Every structure is written in structure tokens, then in C-alpha cells.
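This is work16.txt (compact mmCIF, C-alpha atoms).
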```txt
# COMPACT_ATOMS: atom_id res chain seq x y z
CA MET D 1 100.93 -29.12 24.01
CA LEU D 2 103.53 -31.10 22.13
CA GLY D 3 106.64 -29.27 21.11
CA VAL D 4 105.96 -28.98 17.42
CA SER D 5 108.39 -26.67 15.73
CA ASN D 6 108.23 -24.98 12.38
CA SER D 7 110.89 -27.39 11.04
CA ARG D 8 109.58 -30.03 8.86
CA ARG D 9 110.02 -33.55 10.15
CA PRO D 10 108.86 -36.85 8.74
CA ALA D 11 105.42 -37.82 9.95
CA VAL D 12 106.63 -41.35 10.72
CA ALA D 13 109.07 -40.05 13.33
CA ILE D 14 106.18 -38.35 15.09
CA SER D 15 104.38 -41.67 15.09
CA VAL D 16 107.33 -43.44 16.66
CA VAL D 17 107.85 -40.89 19.33
CA LEU D 18 104.23 -40.89 20.24
CA SER D 19 104.04 -44.65 20.34
CA GLY D 20 107.13 -44.91 22.46
CA ALA D 21 106.03 -42.25 24.85
CA LEU D 22 102.69 -43.90 25.34
CA GLY D 23 104.06 -47.42 25.58
CA CYS D 24 101.94 -48.63 22.79
CA SER D 25 102.64 -51.54 20.48
CA SER D 26 104.82 -50.93 17.52
CA ALA D 27 101.96 -52.18 15.50
CA LEU D 28 100.32 -48.71 15.66
CA ASN D 29 100.34 -48.45 11.93
CA ALA D 30 98.57 -51.76 11.71
CA GLN D 31 95.33 -50.26 13.12
CA ASP D 32 91.98 -51.22 11.71
CA GLU D 33 91.25 -49.75 8.29
CA ASP D 34 87.96 -48.27 9.62
CA ALA D 35 89.70 -46.11 12.24
CA ALA D 36 89.57 -42.34 11.85
CA PRO D 37 92.60 -40.65 10.29
CA PRO D 38 95.09 -38.94 12.55
CA LEU D 39 94.08 -35.54 13.90
CA ASP D 40 95.60 -32.62 12.06
CA VAL D 41 96.68 -30.64 15.09
CA GLY D 42 97.66 -27.76 12.91
CA THR D 43 93.93 -27.02 12.12
CA ALA D 44 92.33 -27.54 15.52
CA PRO D 45 89.41 -25.09 16.22
CA ARG D 46 89.70 -22.31 18.76
CA ALA D 47 88.03 -22.91 22.09
CA ASP D 48 86.16 -19.50 21.91
CA ALA D 49 84.50 -20.04 18.49
CA GLN D 50 80.65 -19.32 18.33
CA GLY D 51 79.53 -20.98 15.13
CA PRO D 52 79.95 -20.14 11.48
CA PRO D 53 80.06 -16.44 10.60
CA PRO D 54 76.96 -14.94 8.81
CA PRO D 55 76.95 -14.82 5.04
CA PRO D 56 78.42 -11.57 3.76
CA ASP D 57 75.03 -10.28 2.28
CA ALA D 58 72.81 -10.87 5.38
CA THR D 59 71.22 -7.77 7.10
CA PRO D 60 70.85 -7.93 10.86
CA PRO D 61 67.15 -7.54 11.98
CA LEU D 62 66.10 -4.10 13.21
CA PRO D 63 65.56 -3.82 16.90
CA ALA D 64 62.00 -3.09 18.09
CA CYS D 65 60.63 0.49 17.88
CA GLU D 66 62.01 1.54 21.26
CA VAL D 67 60.98 5.21 21.51
CA GLY D 68 57.60 6.93 21.19
CA ASP D 69 55.52 3.85 20.31
CA ALA D 70 52.95 3.72 23.09
CA ASP D 71 50.47 1.62 21.12
CA GLY D 72 53.04 -0.95 19.95
CA ASP D 73 52.25 -0.72 16.25
CA GLY D 74 55.92 -0.24 15.23
CA TYR D 75 55.55 3.46 14.46
CA GLY D 76 56.99 6.10 16.75
CA THR D 77 59.85 8.60 17.11
CA GLY D 78 62.84 6.31 17.56
CA ALA D 79 65.40 5.61 14.84
CA SER D 80 64.41 1.96 14.76
CA CYS D 81 60.67 2.77 14.21
CA ALA D 82 59.08 2.26 10.81
CA GLY D 83 58.11 5.90 10.78
CA PRO D 84 56.19 8.50 12.76
CA ASP D 85 52.70 7.64 14.00
CA CYS D 86 49.76 10.05 13.70
CA ASP D 87 47.87 8.48 16.60
CA ASP D 88 50.07 6.70 19.13
CA SER D 89 47.05 5.75 21.24
CA ASN D 90 45.49 3.48 18.63
CA PRO D 91 47.42 0.40 17.40
CA VAL D 92 45.33 0.13 14.18
CA VAL D 93 46.15 3.68 13.10
CA PHE D 94 49.52 4.11 11.40
CA PRO D 95 50.86 4.99 7.95
CA GLY D 96 49.69 2.46 5.39
CA ALA D 97 46.91 1.01 7.56
CA ALA D 98 43.62 0.05 5.88
CA GLU D 99 41.14 2.94 5.80
CA ALA D 100 37.79 2.23 7.51
CA CYS D 101 34.43 4.07 7.44
CA ASN D 102 34.73 5.71 10.86
CA ASN D 103 35.34 9.42 10.31
CA ALA D 104 39.02 8.92 11.25
CA ASP D 105 42.32 9.12 9.35
CA ASP D 106 43.35 5.48 9.76
CA ASP D 107 46.31 5.56 7.35
CA CYS D 108 47.78 8.90 8.53
CA ASP D 109 47.63 10.60 5.13
CA GLY D 110 45.68 13.62 6.33
CA VAL D 111 42.40 12.53 4.66
CA THR D 112 39.43 10.87 6.34
CA ASP D 113 37.52 7.87 4.96
CA GLU D 114 39.00 8.25 1.48
CA ALA D 115 38.85 5.73 -1.38
CA LEU D 116 36.18 3.52 0.18
CA GLY D 117 34.30 3.28 -3.10
CA GLU D 118 30.90 4.12 -4.55
CA ARG D 119 27.79 2.23 -5.53
CA ALA D 120 24.95 2.91 -7.99
CA CYS D 121 21.19 2.46 -7.61
CA GLY D 122 18.10 3.22 -9.70
CA VAL D 123 17.62 3.03 -13.45
CA GLY D 124 17.18 5.56 -16.20
CA ALA D 125 16.90 9.17 -15.09
CA CYS D 126 16.68 7.94 -11.49
CA ARG D 127 20.16 6.37 -11.48
CA VAL D 128 22.35 7.73 -8.69
CA VAL D 129 25.99 7.03 -7.82
CA ALA D 130 26.67 7.58 -4.13
CA PRO D 131 29.65 6.99 -1.80
CA VAL D 132 29.43 3.94 0.41
CA CYS D 133 30.60 5.99 3.41
CA ALA D 134 29.42 9.41 4.58
CA LEU D 135 30.26 11.18 7.84
CA GLY D 136 31.87 8.06 9.20
CA ARG D 137 28.89 5.77 8.61
CA PRO D 138 27.82 3.44 5.80
CA ALA D 139 25.61 5.49 3.47
CA ALA D 140 22.44 4.31 1.74
CA CYS D 141 22.00 4.78 -1.98
CA VAL D 142 18.60 6.37 -2.74
CA PRO D 143 17.40 6.48 -6.37
CA GLY D 144 16.13 9.77 -7.77
CA ALA D 145 12.45 10.48 -8.44
CA GLY D 146 11.05 9.67 -11.87
CA GLY D 147 8.93 11.97 -13.98
CA ALA D 148 6.61 11.80 -16.96
CA GLU D 149 8.02 9.86 -19.87
CA LEU D 150 9.14 12.10 -22.73
CA CYS D 151 10.23 11.30 -26.24
CA ASN D 152 13.91 11.98 -25.63
CA GLY D 153 15.79 8.69 -25.54
CA VAL D 154 15.76 8.69 -21.72
CA ASP D 155 13.91 6.44 -19.29
CA ASP D 156 12.26 9.41 -17.57
CA ASP D 157 9.81 7.41 -15.42
CA CYS D 158 12.53 4.97 -14.36
CA ASP D 159 10.68 1.76 -15.16
CA GLY D 160 13.48 0.24 -17.20
CA VAL D 161 11.86 1.11 -20.55
CA THR D 162 12.79 4.13 -22.63
CA ASP D 163 10.27 6.45 -24.34
CA GLU D 164 7.31 4.08 -23.95
CA GLY D 165 4.04 5.86 -24.83
CA ALA D 166 5.91 9.15 -24.86
CA GLY D 167 4.73 10.54 -28.17
CA ALA D 168 2.96 13.87 -27.77
CA THR D 169 0.63 13.14 -30.68
CA ARG D 170 -2.43 11.08 -29.80
CA CYS D 171 -4.89 9.42 -32.14
CA GLY D 172 -8.02 7.30 -31.88
CA VAL D 173 -10.82 7.50 -29.31
CA GLY D 174 -12.00 5.33 -26.46
CA ALA D 175 -10.19 2.03 -26.10
CA CYS D 176 -8.43 2.72 -29.43
CA GLU D 177 -6.67 5.87 -28.22
CA ARG D 178 -2.93 5.65 -28.59
CA ALA D 179 0.11 7.86 -28.41
CA ALA D 180 2.53 8.11 -31.29
CA ASN D 181 5.47 5.74 -30.99
CA CYS D 182 8.79 7.24 -30.02
CA VAL D 183 11.79 5.78 -31.84
CA ASP D 184 15.33 6.79 -30.92
CA GLY D 185 14.05 9.89 -29.18
CA ALA D 186 11.93 11.04 -32.16
CA GLU D 187 8.18 10.76 -32.62
CA ALA D 188 6.90 8.36 -35.29
CA GLU D 189 3.50 8.09 -36.95
CA CYS D 190 0.52 7.63 -34.61
CA THR D 191 -1.62 4.54 -35.23
CA PRO D 192 -4.92 3.96 -33.35
CA GLY D 193 -5.44 0.64 -31.60
CA PRO D 194 -7.95 -1.97 -32.76
CA ALA D 195 -11.64 -1.68 -31.93
CA SER D 196 -13.61 -4.46 -30.25
CA PRO D 197 -17.32 -5.18 -29.75
CA GLU D 198 -18.99 -2.87 -27.26
CA THR D 199 -19.65 -4.28 -23.79
CA CYS D 200 -21.14 -2.77 -20.66
CA ASN D 201 -17.96 -1.66 -18.89
CA GLY D 202 -17.84 2.12 -18.92
CA ILE D 203 -15.42 2.09 -21.91
CA ASP D 204 -15.90 2.98 -25.56
CA ASP D 205 -14.82 -0.47 -26.76
CA ASP D 206 -15.78 -0.01 -30.42
CA CYS D 207 -14.11 3.40 -30.57
CA ASP D 208 -17.02 5.35 -32.04
CA GLY D 209 -17.02 8.08 -29.41
CA PHE D 210 -19.88 6.60 -27.36
CA ILE D 211 -19.57 4.62 -24.14
CA ASP D 212 -21.60 1.45 -23.65
CA GLN D 213 -24.01 2.25 -26.48
CA GLY D 214 -26.53 -0.53 -26.69
CA PHE D 215 -26.12 -0.97 -22.94
CA ARG D 216 -26.51 2.56 -21.58
CA ALA D 217 -30.24 2.16 -21.06
CA ARG D 218 -32.61 -0.74 -21.47
CA VAL D 219 -36.20 -1.58 -20.62
CA GLU D 220 -36.64 -4.39 -18.11
CA TRP D 221 -40.18 -5.80 -18.05
CA SER D 222 -40.78 -6.78 -14.47
CA ARG D 223 -43.64 -7.41 -12.05
CA TYR D 224 -44.81 -5.87 -8.82
CA SER D 225 -44.60 -9.31 -7.29
CA THR D 226 -40.86 -9.12 -8.07
CA LEU D 227 -40.40 -5.48 -7.07
CA VAL D 228 -41.91 -6.11 -3.64
CA GLY D 229 -38.90 -8.29 -2.95
CA GLN D 230 -36.70 -5.21 -3.41
CA HIS D 231 -38.91 -2.95 -1.27
CA PRO D 232 -41.99 -4.19 0.61
CA GLY D 233 -43.87 -0.95 -0.03
CA CYS D 234 -43.89 -1.44 -3.82
CA ASP D 235 -46.45 -4.22 -4.03
CA GLY D 236 -48.69 -2.89 -6.81
CA SER D 237 -51.65 -2.34 -4.51
CA GLY D 238 -50.46 -0.09 -1.71
CA GLN D 239 -48.17 1.72 -4.18
CA ARG D 240 -47.62 1.48 -7.93
CA SER D 241 -45.40 4.58 -8.28
CA GLY D 242 -43.80 6.70 -5.60
CA PRO D 243 -40.76 6.75 -3.29
CA GLU D 244 -40.95 3.06 -2.32
CA CYS D 245 -41.31 1.93 -5.94
CA ASN D 246 -38.49 4.29 -6.94
CA SER D 247 -36.26 2.45 -4.46
CA ALA D 248 -37.48 -0.98 -5.58
CA MET D 249 -36.69 -0.24 -9.25
CA HIS D 250 -33.31 1.28 -8.42
CA ARG D 251 -32.39 -1.81 -6.41
CA LEU D 252 -33.69 -4.20 -9.07
CA CYS D 253 -31.44 -2.62 -11.73
CA ARG D 254 -28.42 -2.55 -9.43
CA SER D 255 -28.86 -6.25 -8.68
CA GLN D 256 -28.51 -7.06 -12.38
CA GLY D 257 -25.56 -6.73 -14.71
CA CYS D 258 -24.94 -3.38 -16.33
CA GLY D 259 -27.40 -1.38 -14.27
CA ALA D 260 -26.27 1.44 -11.99
CA SER D 261 -29.81 2.61 -11.26
CA GLY D 262 -33.31 2.68 -12.69
CA PHE D 263 -36.67 4.41 -12.75
CA GLY D 264 -40.33 3.77 -13.67
CA PRO D 265 -42.82 2.39 -14.01
CA LEU D 266 -42.67 3.13 -17.72
CA GLU D 267 -45.86 1.16 -18.26
CA ASN D 268 -47.94 -0.68 -15.68
CA SER D 269 -50.96 -2.93 -15.81
CA GLY D 270 -52.06 -5.46 -13.22
CA ASP D 271 -48.89 -7.10 -11.93
CA ASP D 272 -46.78 -5.89 -14.88
CA ALA D 273 -44.36 -3.00 -14.51
CA GLY D 274 -41.83 -1.71 -17.04
CA VAL D 275 -38.53 -0.54 -15.53
CA ALA D 276 -35.77 1.51 -17.21
CA CYS D 277 -32.31 0.36 -16.15
CA VAL D 278 -29.51 2.89 -16.77
CA ALA D 279 -25.94 1.60 -16.83
CA VAL D 280 -24.25 4.98 -16.90
CA ALA D 281 -26.21 6.72 -14.15
CA ASP D 282 -23.99 8.40 -11.58
CA VAL D 283 -25.79 7.80 -8.29
CA ARG D 284 -25.05 10.64 -5.85
CA GLN D 285 -26.22 11.71 -2.42
CA VAL D 286 -27.61 15.22 -2.11
CA SER D 287 -29.29 17.03 0.76
CA PHE D 288 -32.69 18.66 0.60
CA GLY D 289 -30.91 21.88 1.45
CA GLU D 290 -28.90 21.62 -1.77
CA LEU D 291 -32.00 20.71 -3.77
CA ALA D 292 -33.98 23.59 -2.27
CA ALA D 293 -31.19 25.91 -3.38
CA ARG D 294 -32.02 24.84 -6.95
CA HIS D 295 -35.80 24.91 -6.51
CA PRO D 296 -37.17 26.04 -3.12
CA PRO D 297 -40.36 23.92 -2.93
CA CYS D 298 -38.19 20.70 -2.91
CA ASP D 299 -37.07 21.14 0.70
CA GLY D 300 -38.04 17.77 2.17
CA SER D 301 -41.02 19.27 4.00
CA ASN D 302 -43.22 20.85 1.34
CA GLN D 303 -42.21 18.19 -1.16
CA ARG D 304 -39.94 15.11 -1.20
CA ILE D 305 -41.02 13.69 -4.55
CA GLY D 306 -43.02 15.29 -7.35
CA PRO D 307 -42.78 17.93 -10.10
CA ASP D 308 -40.87 20.47 -8.01
CA CYS D 309 -38.31 17.87 -6.90
CA ASN D 310 -38.04 16.66 -10.52
CA ALA D 311 -36.97 20.20 -11.44
CA ALA D 312 -34.60 20.47 -8.44
CA VAL D 313 -32.87 17.15 -9.27
CA HIS D 314 -32.59 18.08 -12.96
CA ARG D 315 -31.00 21.44 -12.15
CA TRP D 316 -28.66 20.02 -9.48
CA CYS D 317 -27.31 17.26 -11.78
CA ALA D 318 -26.88 19.78 -14.62
CA ALA D 319 -24.82 21.93 -12.25
CA GLN D 320 -22.56 18.89 -11.68
CA GLY D 321 -21.87 18.64 -15.42
CA ALA D 322 -24.48 15.99 -16.28
CA ALA D 323 -27.32 16.36 -18.79
CA SER D 324 -30.03 15.77 -16.19
CA GLY D 325 -31.07 13.42 -13.43
CA PHE D 326 -33.90 11.37 -11.97
CA GLY D 327 -34.97 10.42 -8.48
CA PRO D 328 -34.94 10.33 -5.59
CA VAL D 329 -34.04 6.64 -5.89
CA GLU D 330 -33.38 6.29 -2.14
CA SER D 331 -34.42 8.63 0.66
CA GLY D 332 -33.00 9.53 4.07
CA PRO D 333 -34.23 11.93 6.76
CA ASP D 334 -32.75 15.06 5.16
CA PHE D 335 -31.06 13.70 2.06
CA VAL D 336 -31.79 11.61 -1.02
CA PHE D 337 -29.87 9.69 -3.66
CA VAL D 338 -30.40 10.71 -7.27
CA GLY D 339 -29.19 9.34 -10.61
CA CYS D 340 -27.37 11.86 -12.82
CA VAL D 341 -27.05 10.87 -16.50
CA PRO D 342 -24.22 12.08 -18.76
CA ARG D 343 -24.64 14.22 -21.84
CA GLU D 344 -23.56 11.48 -24.23
CA THR D 345 -26.40 9.29 -22.97
CA ALA D 346 -29.24 11.75 -22.39
CA GLU D 347 -30.99 14.20 -24.67
CA VAL D 348 -32.95 17.01 -23.01
CA ILE D 349 -36.01 17.77 -25.17
CA ASN D 350 -38.44 20.66 -24.85
CA THR D 351 -41.92 19.48 -25.81
CA SER D 352 -45.51 20.08 -24.65
CA TYR D 353 -48.32 18.36 -22.81
CA SER D 354 -50.33 18.61 -26.00
CA THR D 355 -47.71 16.46 -27.72
CA LEU D 356 -47.37 14.03 -24.82
CA ALA D 357 -51.16 13.57 -24.73
CA GLN D 358 -50.91 12.10 -28.20
CA ALA D 359 -48.88 9.26 -26.67
CA HIS D 360 -51.12 8.91 -23.61
CA ASP D 361 -54.19 11.10 -23.42
CA VAL D 362 -54.30 11.40 -19.62
CA CYS D 363 -50.93 13.22 -19.61
CA ASP D 364 -52.48 16.42 -20.94
CA GLY D 365 -51.25 18.88 -18.28
CA GLY D 366 -54.73 19.08 -16.81
CA ARG D 367 -55.67 15.67 -15.59
CA GLU D 368 -52.04 14.78 -14.91
CA ARG D 369 -48.74 16.68 -15.10
CA VAL D 370 -46.50 14.14 -13.35
CA GLY D 371 -47.25 10.49 -12.59
CA ARG D 372 -47.74 7.01 -14.01
CA ASN D 373 -49.67 8.16 -17.07
CA CYS D 374 -47.09 10.82 -17.95
CA ASN D 375 -44.35 8.21 -17.38
CA ALA D 376 -46.02 6.09 -20.07
CA ALA D 377 -46.49 9.10 -22.38
CA ILE D 378 -42.81 10.09 -22.12
CA HIS D 379 -41.61 6.48 -22.60
CA ARG D 380 -43.72 6.12 -25.74
CA TYR D 381 -42.71 9.52 -27.12
CA CYS D 382 -38.98 8.78 -26.67
CA ALA D 383 -39.24 5.24 -28.06
CA ARG D 384 -41.06 6.53 -31.18
CA SER D 385 -38.27 9.09 -31.61
CA GLY D 386 -35.54 6.43 -31.74
CA TYR D 387 -34.49 6.45 -28.09
CA VAL D 388 -34.79 3.63 -25.56
CA THR D 389 -37.00 5.42 -23.09
CA GLY D 390 -37.16 8.64 -21.08
CA PHE D 391 -38.21 10.40 -17.87
CA GLY D 392 -39.72 13.67 -16.73
CA PRO D 393 -41.10 16.18 -16.99
CA VAL D 394 -38.00 17.73 -15.44
CA GLU D 395 -39.40 21.19 -16.02
CA ASN D 396 -43.01 22.18 -16.71
CA PHE D 397 -44.94 25.41 -17.07
CA GLY D 398 -48.35 25.77 -18.66
CA ASP D 399 -48.38 23.54 -21.71
CA ALA D 400 -44.57 23.38 -21.84
CA ALA D 401 -42.89 20.18 -20.66
CA THR D 402 -39.18 19.36 -20.71
CA ILE D 403 -38.35 15.66 -20.84
CA VAL D 404 -35.18 13.59 -21.08
CA CYS D 405 -34.78 10.76 -23.61
CA LEU D 406 -32.05 8.12 -23.19
CA ARG D 407 -29.94 6.73 -26.04
CA PRO D 408 -29.29 3.01 -26.37
```
Show the structure stored in the file as C-alpha cells.
Amino acid sequence: MLGVSNSRRPAVAISVVLSGALGCSSALNAQDEDAAPPLDVGTAPRADAQGPPPPPDATPPLPACEVGDADGDGYGTGASCAGPDCDDSNPVVFPGAAEACNNADDDCDGVTDEALGERACGVGACRVVAPVCALGRPAACVPGAGGAELCNGVDDDCDGVTDEGAGATRCGVGACERAANCVDGAEAECTPGPASPETCNGIDDDCDGFIDQGFRARVEWSRYSTLVGQHPGCDGSGQRSGPECNSAMHRLCRSQGCGASGFGPLENSGDDAGVACVAVADVRQVSFGELAARHPPCDGSNQRIGPDCNAAVHRWCAAQGAASGFGPVESGPDFVFVGCVPRETAEVINTSYSTLAQAHDVCDGGRERVGRNCNAAIHRYCARSGYVTGFGPVENFGDAATIVCLRP
């Protein structure tokens, strides 16, 4: 180093000494204007300096969690750790971690699967709010079961509509029947629905308390040459009335609109045969054992069709809640099909052979008690009495004869 003392000397003297010592030209001060200024040797940096010091407010970074952090998640027992870990074998479990639906305490707060939310399902009384996680697994939301709709301001049957048709008061009949409207949970006045023209559909369309009136029974004028196409045995020569013709007439009515079954012949002459078609007949299968329980002679051996079986069918249908019945309309080995007619359609009338003979003289209880002539007598008697037609006798004893007349 140069011997620079603390005494102040002119800077030009230093320049001269330096230039003389180095043998340089005296024109040192005439150096190029772009040259760097002389070095201030009094401010030279120390050789051991390591860069600028940190700003006074900077915090040195924490060293890694060096003790008790086996899973490397930064939580352990050392002073440099972010905090204690509740499961040091699982790197995704530590305080503040996101809770998952896995039946584990992921965030180390002592509670399992908390705050994962809820969801709702169902409407009305069936609405349920359920957690999305249960026992560590995603849980399904199952709506509750609906019930009968009540007039209470609640959607009881859970169809999205409240109190529809829930009035307890009902008014009108048939297709016009209605329930009182329910408004704001309270029952309002009941108003029947509008009536419509009656059709053959098993409904009281015109709301007069009668089903299919005008269609319940009708007379179909047919021919044996037509009936034979329904059953070859009913050809008008081999048989004019009997089990085969019963089947042919039943099938003819069923093949047409508004005819569940039928019977006859009501009248017959040459190829002509009158058939009664019944729209509201309930055709049922019954065994001869069941019929014999109502009237023993109708057991399928002593009799399969005739006056005793007429009585057995009448009694069996009445026991089922009907007014009466006719048949058999089809026959099997030990069973038959019969047509039961409802009370609103059929009128059971107690009359006599003496009266029926006035409609057809052969049906006098002597010459004939059951058969084609009595069929005609009963048809005429019922028609003259304001009915469509009729069948029977369903019971007979001496001069007494019970018949059934059918309403239109």
C-alpha cells in the first residue's frame, strides 16, 4: 500500500509523485475526457465482503421440520415444525387439511367427516335432507313415502301439487262425481262435474245413477246361418237351442261392440233367431261342484243345461252379489262359464206359467217349462213391461215361475 497519512495533502502532489514514480508523461492530467475518474482509495471494499446486507425487516426462512415428521407434511414435534401431527404416517393428514368422506379425521380436529354438506331430495311431505357422507362413504338421499292427499296445505302424496282432490265432501254420481275443492288448506264448496251423453263403456256418463243405460241390453236379430259360423253345432237344424247355440250366441255378442255375452233364441222361425246381447254381463267360470252346492241336480252328470242348472246359476250369481245369471254360455269337462248380471241392470220378477202362457201359449208349465217357447214367452212378457228382454225361468215350482227382465 502507499504511505497515505492522515495529514491532508494537495491531491496534485499525489498526482506528481505517482507520475514520477511510474515514469509516466507529465501530461497525465491531459488524459482523455472519457477516462474513469481516479480511484478513491479511501473507500475501497473489503476483500471478505459477501454482498449487500439483508433489509432490516426481512425474516429468515424457517428450516425444514427436522424432528418427528415421518410423512414429510411439515407437521411434527420439532421446534421448526408447523405444529404437531395427528397421523405422522399419512402425508395428507395434518391440521388444516381438507376433510374427505373416508371415516378419518383428516384435519386433526378430533371429528370425523365433519362439514361435508347435505343435500335434499323429494317434494312435499316426502322431502328429505340427508348428509352427503355417512360412515365414511357417499350417502344416497332417499325421499320419504307419500300418503293420501289431505286438505291441509301440504303435498301429502308428493306429486308436486298441494291439496288436489283432497276435499272430504264428495258430490255428483258416475262420471260427474267430484271432491270438494281445497283452498289454502280449507274445504270449499263441492261442485259436480258436467254430464255427457251415455256410451257403452261401463261408466255412468250422463250421471243419472245408471251405467250404460240404453246399451246394457239389446236385441240382435240374427240368423242360424250366421250363428253356425260362431259354433258349427248351432245350424238351425241339428240344434236351434241348447249348449252349442248358447255358445254361438255368446260368441256373436262378444264379437260385436258393447256385448260381453248373450243368450237366446228369444224368437226363432226358419233361419231367423233373436239374440239378446248384454253389455254388462260379468262372465265367470264356475265348476259343476260349485253349482251342485247351490242346486244338487246340476252336477254335470244328471244335468248340464236345463231348469235345474238355470236355478243353480241364478243362485250362484246371486251369492256373488249379482241379481241373477244365465248360461252356461261355454262348457268344459267339469266347469262352465256363466253370465252374471248386476242389480242395476236386472229385475228379478216372480210370475206364473199361467201369465207366461198369455204371451206364448205353449209355455204353460205343462207342455213346456223351459225351452224355446218359454224363451219367447219371457221375452214378450218383459218387452211388454217396458224392459228390453229377459231370461228364465230361473226358479220354477208348480205354476210359479221366476224370470229376470233386463233394463235398457
query: Between D:Thr389, D:Ser89, D:Gln256, D:Asn268, which is the closest to Trp221 in chain D once you count all atoms listed in the file?
result: D:Asn268
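The neighbours of Thr402 in chain D here are the residues that come within 8 Å of it, using all atoms listed in the file and leaving out any residue fewer than 2 positions away in the same chain; they are Val348, Ile349, Asn350, Thr351, Ser352, Gly392, Pro393, Val394, Glu395, Asn396, Ala400 and Val404 of chain D.
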task: Go through D:Pro84, D:Val329, D:Pro297, D:Ala276 one by one, measure the shortest atom-to-atom distance of each to Cys405 in chain D using all atoms listed in the file, and give the residue with the smallest value.
output: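 Going through D:Pro84, D:Val329, D:Pro297, D:Ala276 one by one, the smallest distance to Cys405 in chain D is for D:Ala276.
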query: Just how far from CA of Ser261 in chain D is CA of Ala293 in chain D, in Å to one decimal?
result: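 Separation of CA of Ala293 in chain D and CA of Ser261 in chain D: 24.6 Å.
Proximity to Ala401 in chain D was assessed for D:Phe326, D:Tyr224, D:Phe335, D:Tyr353 counting only C-alpha atoms; the smallest distance is recorded for D:Tyr353.
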field: Interatomic distance, CA of Arg119 in chain D to CA of Cys141 in chain D (Å, one decimal)
entry: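 Separating CA of Arg119 in chain D from CA of Cys141 in chain D is a distance of 7.3 Å.
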Within 12 Å of Val142 in chain D, counting only C-alpha atoms, which residues qualify if same-chain residues fewer than 6 places away don't, as an mmCIF file with C-alpha atoms, keeping the file's coordinate frame?
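Written output follows (out.cif):
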```cif
data_model
loop_
_atom_site.group_PDB
_atom_site.id
_atom_site.type_symbol
_atom_site.label_atom_id
_atom_site.label_comp_id
_atom_site.auth_asym_id
_atom_site.auth_seq_id
_atom_site.Cartn_x
_atom_site.Cartn_y
_atom_site.Cartn_z
ATOM 1 C CA ARG D 119 27.790 2.230 -5.530
ATOM 2 C CA ALA D 120 24.950 2.910 -7.990
ATOM 3 C CA CYS D 121 21.190 2.460 -7.610
ATOM 4 C CA GLY D 122 18.100 3.220 -9.700
ATOM 5 C CA VAL D 123 17.620 3.030 -13.450
ATOM 6 C CA CYS D 126 16.680 7.940 -11.490
ATOM 7 C CA ARG D 127 20.160 6.370 -11.480
ATOM 8 C CA VAL D 128 22.350 7.730 -8.690
ATOM 9 C CA VAL D 129 25.990 7.030 -7.820
ATOM 10 C CA ALA D 130 26.670 7.580 -4.130
ATOM 11 C CA PRO D 131 29.650 6.990 -1.800
ATOM 12 C CA VAL D 132 29.430 3.940 0.410
#
```
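Once range 104-112 of chain D and its same-chain neighbours fewer than 4 positions away are set aside, Cys86, Val93, Phe94, Pro95, Gly96, Ala97 and Glu99 of chain D remain within 6 Å of it when counting all atoms listed in the file.
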Around all listed atoms of range 96-107 of chain D, padded 4 Å per side, what centre and edge lengths does the axis-aligned box have in Å to one decimal, as lines of an AutoDock Vina configuration file?
```
center_x = 42.1
center_y = 4.7
center_z = 8.3
size_x = 23.3
size_y = 17.4
size_z = 13.9
```
message: Counting all atoms listed in the file, which residues sit no farther than 8 Å from the position (-37.4, 16.2, -1.2) in the file's frame? I'd like them as a PyMOL selection string.
response: chain D and resi 288+291+298-305+309+328+334-336
- prompt: List as a PyMOL selection string: which residues have an atom within 9 Å of (34.2, 10.2, 12.8), counting only C-alpha atoms?
  reply: chain D and resi 101-105+112-113+135-137
- prompt: Between CA of Cys190 in chain D and CA of Arg170 in chain D, what is the spacing in Å?
  reply: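 Rounded to one decimal, the two atoms are 6.6 Å apart.
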task: Please provide as a list in words all residues within 8 Å of Cys340 in chain D, with the sequence filter that same-chain residues fewer than 4 positions apart are discarded (counting all atoms listed in the file).
output: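 So, after excluding close chain neighbours, the residues are Ala281, Asp282, Val283, Arg284, Cys317, Ala322, Ala323, Ser324, Gly325 and Phe326 of chain D.
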